[in-house]
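The structure appears below as structure tokens.
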Amino acid sequence: MSVQSTSGSIVEQFQTNADIEVDPEDVHERVTTLIDEYQVPEGEARRSVVSHLLDEHEIDRDAFYAQSGSDGNDLVGCGDIEAPEQWVDLEAEVIQLWEPKSDSIAQVGLLADDTGRIKFVSWAASNLPELEEGEAYALSNVVSDKYDGKFSVKLNKTTNIERLDEEIDTADGSESFTSEGALVKIKPGSGLIKRCPEEDCSRVLNDGRCSEHGQVEGEFDMRIKAALDNGQEVESVIFDAEATEAVTGWSLDEATSAAMDALDTTIVAEEFRSQLVGRYFEIEGPEVGEYHLVDEVEESSPDVACEADAARLLDEHFDAEMD
Ligand SMILES: [Zn+2]
């Protein structure tokens, strides 16, 4: 959509939905400024200008958007919501309901689909049908919100709720769980790595090349891919930069300058190897693909049962040799 047609459609929307004539030149100028001078993406520029005009003309947002119906909304995943004040449609399962802390809230809980989870709030004043835990719904015309850095969606009086018969796949792996074991191995691809700086890419570079974008100027990142052995099975785990810092005491900056001083990035992985291998950890985080991601990590002491086992095994070996 061009700037011209974006401004045109805004003017039209105010005519149709609110019966208000907004100044086309003013709209055009605002849209152009946001897109050309501030490099704001078109959709966002549109939202921002509409929001400004709603305030300026003191138009009730819910009523305004209700006029638009839900035809114009994108069906998005719970995990894909990355901006506040976006009007979207969701198809998700209510996986949890909490006790509302205020009388103004009818329901509050957690929605999930295969892209992630998001908190939802349904306002008492909106008089919406009650959602049931464990049921899947198509929710059209909900609006995103951001609080404390976390996104949520608000159901409002323009929201349409339809119960879905089909099951929603909520297995996005965001279920956090705990593992404990000995860190027995640090795998290749650990330490200081470089990622593709292209938007939405962040692939790990191989010899300065991104498999999608070719040769790029990479950005440093830090991680540890390791094997955690609990005596029964060996699990692949990944520490991201934050978890790596928590467990090694090395920040990304420190790791980068150490590598620069040594003119060798591999010293970082070596340092991590010498620090961590053989120690016991309890980690907590979701599973993604074959990896258990580390959100929380704590050093733990070897399981007493494990030690007893080890002692018994040693005894058995010893007895066998004696026979
Ligand atoms: Zn890339």
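In the structure tokens, chains take the letters A, B, ... in the order shown, each chain's residues start at 1, and ligands count up from 1 in the order shown.
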Check your understanding: When the cut-off is 12 Å and you count only C-alpha atoms and all ligand atoms, which residues lie near ligand 1, shown as a ChimeraX atom specification?
Key -> /A:194-206,208-219
Where does region 58-149 of chain A meet region 153-160 of chain A within 7 Å, residue by residue, with the nearest atom pair and distance in Å to one decimal for each, counting only C-alpha atoms, listed by chain and rising number, as a Markdown table?
| residue | atom | partner | partner_atom | distance |
| --- | --- | --- | --- | --- |
| A:Asp62 | CA | A:Thr158 | CA | 6.3 |
| A:Ala66 | CA | A:Thr158 | CA | 5.1 |
| A:Lys119 | CA | A:Val153 | CA | 6.4 |
| A:Phe120 | CA | A:Val153 | CA | 4.8 |
| A:Val121 | CA | A:Lys154 | CA | 5.0 |
| A:Ser122 | CA | A:Leu155 | CA | 4.8 |
| A:Trp123 | CA | A:Asn156 | CA | 6.5 |
| A:Ser126 | CA | A:Lys157 | CA | 4.3 |
| A:Asn127 | CA | A:Lys157 | CA | 6.9 |
| A:Leu128 | CA | A:Lys157 | CA | 6.9 |
| A:Leu139 | CA | A:Asn160 | CA | 5.7 |
| A:Ser140 | CA | A:Asn160 | CA | 5.1 |
| A:Asn141 | CA | A:Thr159 | CA | 4.8 |
| A:Val142 | CA | A:Leu155 | CA | 5.1 |
| A:Val143 | CA | A:Lys154 | CA | 5.3 |
| A:Ser144 | CA | A:Val153 | CA | 4.3 |
| A:Asp145 | CA | A:Val153 | CA | 5.7 |
Next, write the just-selected residues to a file, as a PDB file, in the first residue's frame, keeping C-alpha atoms as the atom set.
ATOM      1  CA  ASP A  62     -14.196   0.381  21.004  1.00  0.00           C
ATOM      2  CA  ALA A  66     -16.514  -2.186  16.244  1.00  0.00           C
ATOM      3  CA  LYS A 119      -2.448 -13.391  29.035  1.00  0.00           C
ATOM      4  CA  PHE A 120      -5.970 -12.218  28.358  1.00  0.00           C
ATOM      5  CA  VAL A 121      -8.316  -9.936  30.244  1.00  0.00           C
ATOM      6  CA  SER A 122     -12.049  -9.744  29.753  1.00  0.00           C
ATOM      7  CA  TRP A 123     -13.636  -6.628  31.272  1.00  0.00           C
ATOM      8  CA  SER A 126     -17.921  -5.698  28.198  1.00  0.00           C
ATOM      9  CA  ASN A 127     -20.455  -8.335  29.277  1.00  0.00           C
ATOM     10  CA  LEU A 128     -18.903 -11.082  27.223  1.00  0.00           C
ATOM     11  CA  LEU A 139     -11.657 -14.552  19.322  1.00  0.00           C
ATOM     12  CA  SER A 140     -12.045 -11.748  16.843  1.00  0.00           C
ATOM     13  CA  ASN A 141     -11.299  -8.107  17.460  1.00  0.00           C
ATOM     14  CA  VAL A 142      -9.160  -8.278  20.563  1.00  0.00           C
ATOM     15  CA  VAL A 143      -6.607  -5.570  21.227  1.00  0.00           C
ATOM     16  CA  SER A 144      -3.057  -6.077  22.400  1.00  0.00           C
ATOM     17  CA  ASP A 145      -1.577  -4.325  25.394  1.00  0.00           C
TER      18      ASP A 145
END
Point to revise | Atomic separation - CA of Leu110 (chain A) relative to CA of Gly43 (chain A), Å | key: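 Straight-line distance from CA of Gly43 (chain A) to CA of Leu110 (chain A) works out to 27.0 Å.
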Point to revise | Residues within 12 Å of Val31 (chain A), only C-alpha atoms, excluding chain neighbours under 4 positions, as number ranges by chain | key: A: 2-11, 24-27, 35-50, 52-53
File dump, residues just selected, N, CA and C atoms, as a compact mmCIF listing (two decimals), in the first residue's frame:
# COMPACT_ATOMS: atom_id res chain seq x y z
N SER A 2 0.53 2.23 -0.83
CA SER A 2 1.35 3.44 -0.89
C SER A 2 0.95 4.39 0.25
N VAL A 3 1.79 5.39 0.45
CA VAL A 3 1.48 6.40 1.48
C VAL A 3 0.15 7.05 1.15
N GLN A 4 -0.01 7.35 -0.17
CA GLN A 4 -1.23 7.99 -0.63
C GLN A 4 -2.47 7.17 -0.27
N SER A 5 -2.42 5.87 -0.55
CA SER A 5 -3.62 5.07 -0.29
C SER A 5 -3.78 4.79 1.20
N THR A 6 -2.67 4.76 1.95
CA THR A 6 -2.78 4.62 3.40
C THR A 6 -3.53 5.82 3.97
N SER A 7 -3.11 7.03 3.57
CA SER A 7 -3.81 8.23 4.08
C SER A 7 -5.25 8.22 3.62
N GLY A 8 -5.44 7.84 2.36
CA GLY A 8 -6.80 7.79 1.81
C GLY A 8 -7.70 6.87 2.61
N SER A 9 -7.17 5.71 2.96
CA SER A 9 -8.00 4.73 3.66
C SER A 9 -8.29 5.17 5.10
N ILE A 10 -7.36 5.96 5.68
CA ILE A 10 -7.61 6.49 7.03
C ILE A 10 -8.77 7.49 6.99
N VAL A 11 -8.68 8.39 6.01
CA VAL A 11 -9.74 9.41 5.85
C VAL A 11 -11.09 8.71 5.68
N PRO A 24 -7.57 15.60 4.94
CA PRO A 24 -6.73 14.66 4.18
C PRO A 24 -5.26 15.08 4.12
N GLU A 25 -5.03 16.40 4.03
CA GLU A 25 -3.65 16.87 3.93
C GLU A 25 -2.88 16.63 5.23
N ASP A 26 -3.59 16.87 6.34
CA ASP A 26 -2.98 16.65 7.65
C ASP A 26 -2.64 15.16 7.81
N VAL A 27 -3.58 14.30 7.43
CA VAL A 27 -3.36 12.86 7.53
C VAL A 27 -2.17 12.45 6.67
N ILE A 35 6.63 7.66 8.03
CA ILE A 35 7.26 6.67 7.16
C ILE A 35 8.61 7.16 6.63
N ASP A 36 8.64 8.39 6.11
CA ASP A 36 9.86 8.88 5.48
C ASP A 36 10.91 9.33 6.48
N GLU A 37 10.49 10.11 7.47
CA GLU A 37 11.49 10.67 8.37
C GLU A 37 11.84 9.73 9.51
N TYR A 38 10.82 9.04 10.03
CA TYR A 38 11.09 8.18 11.18
C TYR A 38 11.20 6.71 10.82
N GLN A 39 11.08 6.41 9.53
CA GLN A 39 11.26 5.04 9.05
C GLN A 39 10.33 4.05 9.76
N VAL A 40 9.15 4.54 10.15
CA VAL A 40 8.18 3.67 10.81
C VAL A 40 7.52 2.80 9.75
N PRO A 41 7.35 1.50 10.01
CA PRO A 41 6.67 0.66 9.03
C PRO A 41 5.25 1.16 8.78
N GLU A 42 4.76 0.90 7.57
CA GLU A 42 3.48 1.47 7.16
C GLU A 42 2.31 1.14 8.09
N GLY A 43 2.21 -0.13 8.49
CA GLY A 43 1.10 -0.55 9.35
C GLY A 43 1.12 0.21 10.67
N GLU A 44 2.33 0.38 11.18
CA GLU A 44 2.48 1.07 12.46
C GLU A 44 2.17 2.55 12.32
N ALA A 45 2.60 3.13 11.19
CA ALA A 45 2.32 4.54 10.92
C ALA A 45 0.81 4.75 10.88
N ARG A 46 0.14 3.80 10.22
CA ARG A 46 -1.31 3.88 10.10
C ARG A 46 -1.95 3.86 11.49
N ARG A 47 -1.54 2.89 12.30
CA ARG A 47 -2.10 2.76 13.66
C ARG A 47 -1.86 4.03 14.47
N SER A 48 -0.65 4.55 14.35
CA SER A 48 -0.29 5.72 15.13
C SER A 48 -1.13 6.94 14.74
N VAL A 49 -1.32 7.14 13.43
CA VAL A 49 -2.10 8.28 12.98
C VAL A 49 -3.57 8.12 13.38
N VAL A 50 -4.10 6.91 13.20
CA VAL A 50 -5.49 6.65 13.59
C VAL A 50 -5.67 6.92 15.08
N HIS A 52 -3.92 8.87 17.00
CA HIS A 52 -3.85 10.31 17.23
C HIS A 52 -5.18 10.97 16.92
N LEU A 53 -5.77 10.60 15.78
CA LEU A 53 -7.04 11.22 15.36
C LEU A 53 -8.19 10.84 16.30
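With only C-alpha atoms as the atoms that count, the minimum distance from Ala243 (chain A) to the choices A:Arg279, A:Glu296, A:Phe272, A:Glu290 is reached by A:Glu296.
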Any chance you could list, as a PDB file with C-alpha atoms, in the first residue's frame, the residues in region 100-256 of chain A that come up strand (DSSP E) when DSSP is run on the backbone?
ATOM      1  CA  ILE A 105     -12.312  -7.693  35.462  1.00  0.00           C
ATOM      2  CA  ALA A 106     -14.705 -10.505  34.546  1.00  0.00           C
ATOM      3  CA  GLN A 107     -12.050 -13.025  33.577  1.00  0.00           C
ATOM      4  CA  VAL A 108      -8.300 -13.210  33.423  1.00  0.00           C
ATOM      5  CA  GLY A 109      -6.209 -16.111  32.240  1.00  0.00           C
ATOM      6  CA  LEU A 110      -3.844 -17.567  29.739  1.00  0.00           C
ATOM      7  CA  LEU A 111      -4.468 -18.325  26.049  1.00  0.00           C
ATOM      8  CA  ALA A 112      -2.235 -20.683  24.116  1.00  0.00           C
ATOM      9  CA  ASP A 113      -1.658 -21.966  20.615  1.00  0.00           C
ATOM     10  CA  GLY A 116       3.081 -19.442  22.460  1.00  0.00           C
ATOM     11  CA  ARG A 117       0.952 -18.099  25.269  1.00  0.00           C
ATOM     12  CA  ILE A 118      -0.532 -14.754  26.105  1.00  0.00           C
ATOM     13  CA  LYS A 119      -2.448 -13.391  29.035  1.00  0.00           C
ATOM     14  CA  PHE A 120      -5.970 -12.218  28.358  1.00  0.00           C
ATOM     15  CA  VAL A 121      -8.316  -9.936  30.244  1.00  0.00           C
ATOM     16  CA  SER A 122     -12.049  -9.744  29.753  1.00  0.00           C
ATOM     17  CA  TRP A 123     -13.636  -6.628  31.272  1.00  0.00           C
ATOM     18  CA  ALA A 136     -10.695 -23.495  22.299  1.00  0.00           C
ATOM     19  CA  TYR A 137     -12.114 -20.299  20.895  1.00  0.00           C
ATOM     20  CA  ALA A 138     -11.944 -18.046  17.878  1.00  0.00           C
ATOM     21  CA  LEU A 139     -11.657 -14.552  19.322  1.00  0.00           C
ATOM     22  CA  SER A 140     -12.045 -11.748  16.843  1.00  0.00           C
ATOM     23  CA  ASN A 141     -11.299  -8.107  17.460  1.00  0.00           C
ATOM     24  CA  VAL A 142      -9.160  -8.278  20.563  1.00  0.00           C
ATOM     25  CA  VAL A 143      -6.607  -5.570  21.227  1.00  0.00           C
ATOM     26  CA  SER A 144      -3.057  -6.077  22.400  1.00  0.00           C
ATOM     27  CA  ASP A 145      -1.577  -4.325  25.394  1.00  0.00           C
ATOM     28  CA  LYS A 146       1.832  -4.101  27.009  1.00  0.00           C
ATOM     29  CA  TYR A 147       2.545  -3.908  30.711  1.00  0.00           C
ATOM     30  CA  LYS A 150       4.831  -8.271  28.741  1.00  0.00           C
ATOM     31  CA  PHE A 151       2.113  -8.449  26.139  1.00  0.00           C
ATOM     32  CA  SER A 152      -1.491  -9.320  26.788  1.00  0.00           C
ATOM     33  CA  VAL A 153      -4.764  -9.079  24.913  1.00  0.00           C
ATOM     34  CA  LYS A 154      -7.902  -7.343  26.038  1.00  0.00           C
ATOM     35  CA  LEU A 155     -11.289  -8.725  25.149  1.00  0.00           C
ATOM     36  CA  ASN A 160     -16.662 -11.768  18.985  1.00  0.00           C
ATOM     37  CA  ILE A 161     -16.280 -15.134  20.706  1.00  0.00           C
ATOM     38  CA  GLU A 162     -16.899 -18.440  18.996  1.00  0.00           C
ATOM     39  CA  ARG A 163     -16.224 -21.816  20.527  1.00  0.00           C
ATOM     40  CA  LEU A 164     -14.123 -24.055  18.287  1.00  0.00           C
ATOM     41  CA  SER A 176       9.061 -25.073  31.752  1.00  0.00           C
ATOM     42  CA  PHE A 177      10.560 -28.048  33.539  1.00  0.00           C
ATOM     43  CA  THR A 178      13.545 -28.867  35.676  1.00  0.00           C
ATOM     44  CA  SER A 179      16.464 -31.182  35.020  1.00  0.00           C
ATOM     45  CA  GLU A 180      19.408 -32.000  37.181  1.00  0.00           C
ATOM     46  CA  GLY A 181      22.666 -33.641  36.339  1.00  0.00           C
ATOM     47  CA  ALA A 182      26.343 -33.408  35.709  1.00  0.00           C
ATOM     48  CA  LEU A 183      27.491 -31.177  32.907  1.00  0.00           C
ATOM     49  CA  VAL A 184      29.604 -33.751  31.121  1.00  0.00           C
ATOM     50  CA  LYS A 185      30.366 -32.051  27.842  1.00  0.00           C
ATOM     51  CA  ILE A 186      30.509 -28.680  26.119  1.00  0.00           C
ATOM     52  CA  GLY A 191      31.288 -19.719  23.494  1.00  0.00           C
ATOM     53  CA  LEU A 192      31.412 -16.567  21.453  1.00  0.00           C
ATOM     54  CA  ILE A 193      29.356 -16.822  18.276  1.00  0.00           C
ATOM     55  CA  LYS A 194      28.249 -14.372  15.612  1.00  0.00           C
ATOM     56  CA  ARG A 195      24.677 -13.936  14.506  1.00  0.00           C
ATOM     57  CA  ARG A 209      28.069 -16.314   6.283  1.00  0.00           C
ATOM     58  CA  CYS A 210      24.370 -16.549   7.025  1.00  0.00           C
ATOM     59  CA  GLY A 214      25.176 -14.668   2.691  1.00  0.00           C
ATOM     60  CA  GLN A 215      28.216 -12.704   3.856  1.00  0.00           C
ATOM     61  CA  GLU A 219      26.881  -9.464  15.816  1.00  0.00           C
ATOM     62  CA  PHE A 220      28.495 -11.187  18.780  1.00  0.00           C
ATOM     63  CA  ASP A 221      26.433 -13.392  21.013  1.00  0.00           C
ATOM     64  CA  MET A 222      27.351 -15.945  23.631  1.00  0.00           C
ATOM     65  CA  ARG A 223      25.915 -19.346  24.409  1.00  0.00           C
ATOM     66  CA  ILE A 224      26.748 -22.781  25.715  1.00  0.00           C
ATOM     67  CA  LYS A 225      25.526 -25.995  24.167  1.00  0.00           C
ATOM     68  CA  ALA A 226      26.130 -28.744  26.647  1.00  0.00           C
ATOM     69  CA  ALA A 227      25.252 -32.294  27.628  1.00  0.00           C
ATOM     70  CA  LEU A 228      23.686 -32.820  31.033  1.00  0.00           C
ATOM     71  CA  ASP A 229      23.852 -36.370  32.374  1.00  0.00           C
ATOM     72  CA  VAL A 234      21.912 -37.428  28.636  1.00  0.00           C
ATOM     73  CA  GLU A 235      20.092 -34.263  27.718  1.00  0.00           C
ATOM     74  CA  SER A 236      21.164 -31.507  25.308  1.00  0.00           C
ATOM     75  CA  VAL A 237      20.888 -28.116  26.930  1.00  0.00           C
ATOM     76  CA  ILE A 238      21.456 -24.549  25.734  1.00  0.00           C
ATOM     77  CA  PHE A 239      22.438 -21.623  27.895  1.00  0.00           C
TER      78      PHE A 239
END
Practice item. Figure out the distance between CA of Val76 (chain A) and CA of Asp55 (chain A), please, to one decimal in Å. Key: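 CA of Val76 (chain A) lies 26.5 Å from CA of Asp55 (chain A).
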Practice item. Go through A:Ala124, A:Leu131, A:Ala258, A:Ala83 and flag the residue nearest Leu97 (chain A), using only C-alpha atoms for the distances. Key: A:Leu131
Review point. Looking at only C-alpha atoms, which of A:Glu175, A:Ile267, A:Ala18, A:Glu166 is the one that sits closest to Val288 (chain A)?
Key: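 Of the candidates, the smallest distance to Val288 (chain A) is held by A:Glu175.
From CA of Val94 (chain A) back to CA of Glu132 (chain A), the distance works out to 6.7 Å.
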Exercise for review: Can you list, as an NGL selection string, all residues belonging to region 112-321 of chain A that DSSP tags as helix (DSSP H, G or I)?
Suggested key: :A and (124-126 or 241-248 or 252-262 or 266-276 or 304-321)
